[in-house]
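Scroll down for the structure; my scribbles are underneath it.
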Amino acid sequence: MTRAFCCALLLTLLSVGLGAGPALSLAAPDGSAWSQPLELSYPLDDPAYAAYGSSWFADIVAGPQGSVHVVWYSGMRYGNVEGGLDLLMYRELRDGRWSAVNEIAAPGLGGYTVRNSIALGRDGLLHVVLRSQTAMVHSSAPWDEAFSARAWSEPRNISGENSAYYNALAVDSRNRLHTLWSEAVLDEQPDPNAKCPNCSDLYYRYSDDSGETWSAPQNLSRTPEGENRPQLKVDGRDRLHAVWDLGVDWYAGEGEPESGIYRRSDDGGETWSAPYRFGFQGDAVQQTALAVSVEGNPSVVYRAVGDNRIYFQQSLDGGQTWQPPTRIPGVQARDINDNNLDTYALAVDSAGHLHLLMVGFVEPNDQERVNPWLLHLVWNGRSWSQPRVVMGGELYPEWPRLVLGAGKHLHAAWHTRSKEDLFRSEKARYRVWYSSLHTDAPEATALPFFTPVPTAAPTLVAATAVPPTATPLPAQALEAPTLPGRPKWEQSALTTILLAMLPVLAFVGLVVFFRRGRR
């Protein structure tokens with residue numbers, strides 16, 4: 001049996017047999033494989049959790065001591081309130097064991113999507129930015145106490161009053177928090193010919209005191225189109241790299257796909273480079289994903305809307321210029337009309353290899369016969385690896401998130417829909433999953449925690465005069481007898497002064513004599 005025949009047989013079996021179970025992992029040629037997907041959300045078949053709704057839009061971060069922390073959006077019935085109670089769910093992996101599921105925040109009522117991002121600060125705090133009804137708020141908790149809802153700080157609003165939806169969060173080496181979010185710009189007199197009336201722009205803020213206060217909001221887009229799916233990364237020089245999709249505002253239901261956008265900040269978010277557009281002549285792109293190499297060079301992956309192909313583009317000078325896009329071989333994106341809420345995830349390990357997590361198909365493909373899979377590919381600097389399946393089966397994976405622990409341990413989270421509830425978010429039961437992969441990259445040491453120093457101006461205090469303290473004479477001086485007569489220095493002082501003045505007086509006399517002689 002030839003190797004080609006074995007590969008063809010394997011792909012055939014995968015194509016027709018994945019309907020037997022919800023999850024499947026396919027090993028890479030080097031023998032490594034993703035762990036069997038673990039459901040993190042409440043089990044659907046347990047009546048004890050019947051009051052809870054869907055679980056989706058997860059985010060994930062690697063913490064100290066090999067810990068992993070996952071948050072996601074869910075909700076539950078709450079009296080007669082339509083939409084119920086919105087919840088931010090949490091689960092952690094510590095010492096090799098997963099905790100139970102816990103609700104760490106109830107940001108509102110009404111069934112508003114709790115979009116969320118999580119990051120670990122240099123202060124030892126887990127920071128989250130989440131959507132509270134139609135606003136963005138920030139909260140934090142010590143990483144080793146985050147399971148308790150009481151450990152999380154009081155949420156602080158960071159957005160404006162208009163509808164906010166997507167968000168992204170990152171922390172630099174100085175513990176400055178950086179966040180992006182999309183927020184509607186409401187026109188008092190909307191242009192009837194506008195491409196995307198009342199659609200979102202993308203805003204940015206930073207905090208130097210662990211989220212207590214924030215900088216003034218900056219509008220990074222200011223376009224007549226909508227902005228979707230921001231991603232934000234920090235490189236080893238604390239430069240900020242941001243990407244997002246331009247053209248559509250999913251929340252407003254307006255606009256058409258156009259291009260991906262990239263911007264960079266070299267001064268901690270104070271100023272930003274001019275926007276750089278990703279795209280093709282005559283074809284739009286979406287689902288722009290970002291990663292930054294060890295050297296600080298950004299890479300992006302996005303999908304072409306017209307032909308469902310996936311493209312890769314990188315910069316070798318920190319984002320100043322970009323190489324031409326190249327197609328990623330062997331894979332194809334899911335149809336854009338299948339669902340417009342998906343995204344891709346990228347991460348760079350300590351060996352400099354770029355890891356892509358995407359939902360799509362392995363070519364050749366018959367989309368009517370096979371559901372989309374969660375796929376993993378690796379760019380080694382010269383070529384892309386063959387795709388490996390992280391999850392495949394009856395479920396539709398979506399919204400993957402990917403992080404690295406110690407520079408080599410890949411951790412992924414995503415949610416799934418079933419074919420029956422693909423477009424029924426109100427009554428569906430979406431589920432959140434986790435899987436991991438240990439790469440052969442060298443282990444990297446995490447930066448240590450530190451206590452941030454406040455950057456506020458010091459308070460000036462008026463100086464107070466302090467009276468001098470007398471120093472007593474030694475006992476030997478106090479007990480000494482009084483000298484008889486005048487001190488010797490007084491007797492000789494006048495003679496000493498006259499002798500010292502003789503040269504000066506002689507010089508003055510000579511000057512006077514010569515001046516009179518000239519006259």
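FYI, nothing fancy with the structure tokens labels: chains A, B, ... in order, residues from 1 per chain, ligands from 1 as they appear.
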Practice prompt. Identify, on the basis of only C-alpha atoms, every residue whose closest approach to Ala242 (chain A) does not exceed 9 Å; exclude the query and any residue fewer than 2 positions from it along the same chain; express the result as a list in words.
Written response: Leu180, Pro230, Gln231, Leu232, Lys233, Val234, Leu240, Trp244, Ile261, Tyr262, Arg263, Arg264, Ser265 and Leu290 of chain A
Practice prompt. Return as a ChimeraX atom specification the full set of residues in region 103-185 of chain A whose backbone-based DSSP assignment is strand (DSSP E or B).
Written response: /A:103-109,116-120,125-132,135-142,156-157,164-171,177-184
Keeping C-alpha atoms for every residue in the selection just given, could you write it to a file as a compact mmCIF listing (two decimals), in the first residue's frame?
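Output file out_26.txt is given in full below:
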```txt
# COMPACT_ATOMS: atom_id res chain seq x y z
CA GLU A 103 -19.93 33.31 37.03
CA ILE A 104 -17.53 36.17 37.80
CA ALA A 105 -19.65 39.06 36.49
CA ALA A 106 -23.28 39.86 35.70
CA PRO A 107 -22.84 42.94 33.50
CA GLY A 108 -26.50 43.51 32.72
CA LEU A 109 -29.99 42.32 31.86
CA ASN A 116 -14.82 40.03 26.23
CA SER A 117 -11.01 40.08 26.15
CA ILE A 118 -8.60 38.92 28.89
CA ALA A 119 -4.91 39.65 29.52
CA LEU A 120 -2.36 39.10 32.31
CA LEU A 125 -3.72 40.84 37.90
CA LEU A 126 -5.96 39.31 35.28
CA HIS A 127 -7.59 42.16 33.38
CA VAL A 128 -10.78 41.87 31.35
CA VAL A 129 -12.57 44.30 29.07
CA LEU A 130 -16.17 43.24 28.54
CA ARG A 131 -19.36 44.53 27.04
CA SER A 132 -21.93 45.59 29.63
CA ALA A 135 -20.92 49.93 26.90
CA MET A 136 -17.37 48.67 27.49
CA VAL A 137 -16.11 48.22 31.07
CA HIS A 138 -12.86 47.06 32.69
CA SER A 139 -12.37 44.84 35.73
CA SER A 140 -9.42 42.97 37.29
CA ALA A 141 -8.55 40.35 39.91
CA PRO A 142 -5.39 38.66 41.25
CA ARG A 156 -15.24 50.94 35.35
CA ASN A 157 -16.74 52.29 32.15
CA ALA A 164 -20.05 49.38 21.56
CA TYR A 165 -19.50 45.80 20.41
CA TYR A 166 -16.04 44.33 19.61
CA ASN A 167 -12.99 44.80 21.87
CA ALA A 168 -9.33 43.84 22.25
CA LEU A 169 -6.89 44.08 25.18
CA ALA A 170 -3.10 43.92 25.60
CA VAL A 171 -0.47 44.74 28.27
CA LEU A 177 -3.00 48.45 29.61
CA HIS A 178 -4.10 49.04 26.02
CA THR A 179 -7.60 48.47 24.70
CA LEU A 180 -9.48 48.85 21.41
CA TRP A 181 -13.22 48.76 20.92
CA SER A 182 -15.74 49.51 18.19
CA GLU A 183 -18.42 52.08 18.96
CA ALA A 184 -21.22 53.55 16.85
```
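Secondary structure of region 24-105 of chain A, helix (DSSP H, G or I) only (DSSP, backbone atoms): Pro47, Ala48, Tyr49, Pro64, Gln65 and Gly66 of chain A.
Take CA of Asp307 (chain A) and CA of Arg334 (chain A): the distance between them is 10.2 Å.
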Mind dumping a table of every region 324-343 of chain A residue within 12 Å of region 272-284 of chain A, with the nearest atom pair and its distance in Å to one decimal, using only C-alpha atoms, sorted by chain and rising number, as JSON lines?
```
{"residue": "A:Pro324", "atom": "CA", "partner": "A:Phe278", "partner_atom": "CA", "distance": 9.7}
{"residue": "A:Pro325", "atom": "CA", "partner": "A:Phe278", "partner_atom": "CA", "distance": 8.6}
{"residue": "A:Thr326", "atom": "CA", "partner": "A:Phe280", "partner_atom": "CA", "distance": 11.4}
{"residue": "A:Ile336", "atom": "CA", "partner": "A:Ala284", "partner_atom": "CA", "distance": 11.3}
```
Saved selection, atoms kept: N, CA and C atoms, as a PDB file, in the first residue's frame:
```
ATOM      1  N   PRO A 324       4.281  41.235  -0.682  1.00  0.00           N
ATOM      2  CA  PRO A 324       3.028  40.903  -1.371  1.00  0.00           C
ATOM      3  C   PRO A 324       2.333  39.719  -0.708  1.00  0.00           C
ATOM      4  N   PRO A 325       1.001  39.668  -0.768  1.00  0.00           N
ATOM      5  CA  PRO A 325       0.278  38.538  -0.176  1.00  0.00           C
ATOM      6  C   PRO A 325       0.513  37.250  -0.949  1.00  0.00           C
ATOM      7  N   THR A 326       0.536  36.134  -0.225  1.00  0.00           N
ATOM      8  CA  THR A 326       0.638  34.805  -0.828  1.00  0.00           C
ATOM      9  C   THR A 326      -0.478  33.935  -0.286  1.00  0.00           C
ATOM     10  N   ILE A 336     -18.640  32.856   3.225  1.00  0.00           N
ATOM     11  CA  ILE A 336     -18.861  34.097   3.962  1.00  0.00           C
ATOM     12  C   ILE A 336     -20.311  34.236   4.403  1.00  0.00           C
TER      13      ILE A 336
END
```
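All residues of protein, DNA or RNA that reach within 12 Å of Asn308 (chain A), judged by only C-alpha atoms and not counting those fewer than 2 positions away in the chain, are A:Asp283, A:Ala284, A:Val285, A:Gln286, A:Gln287, A:Tyr302, A:Arg303, A:Ala304, A:Val305, A:Gly306, A:Ile310, A:Tyr311, A:Arg327, A:Ile328, A:Val331, A:Gln332, A:Ala333, A:Arg334, A:Asp335, A:Ile336, A:Asn337, A:Asp338, A:Val359, A:Gly360, A:Phe361, A:Glu363, A:Gln367.
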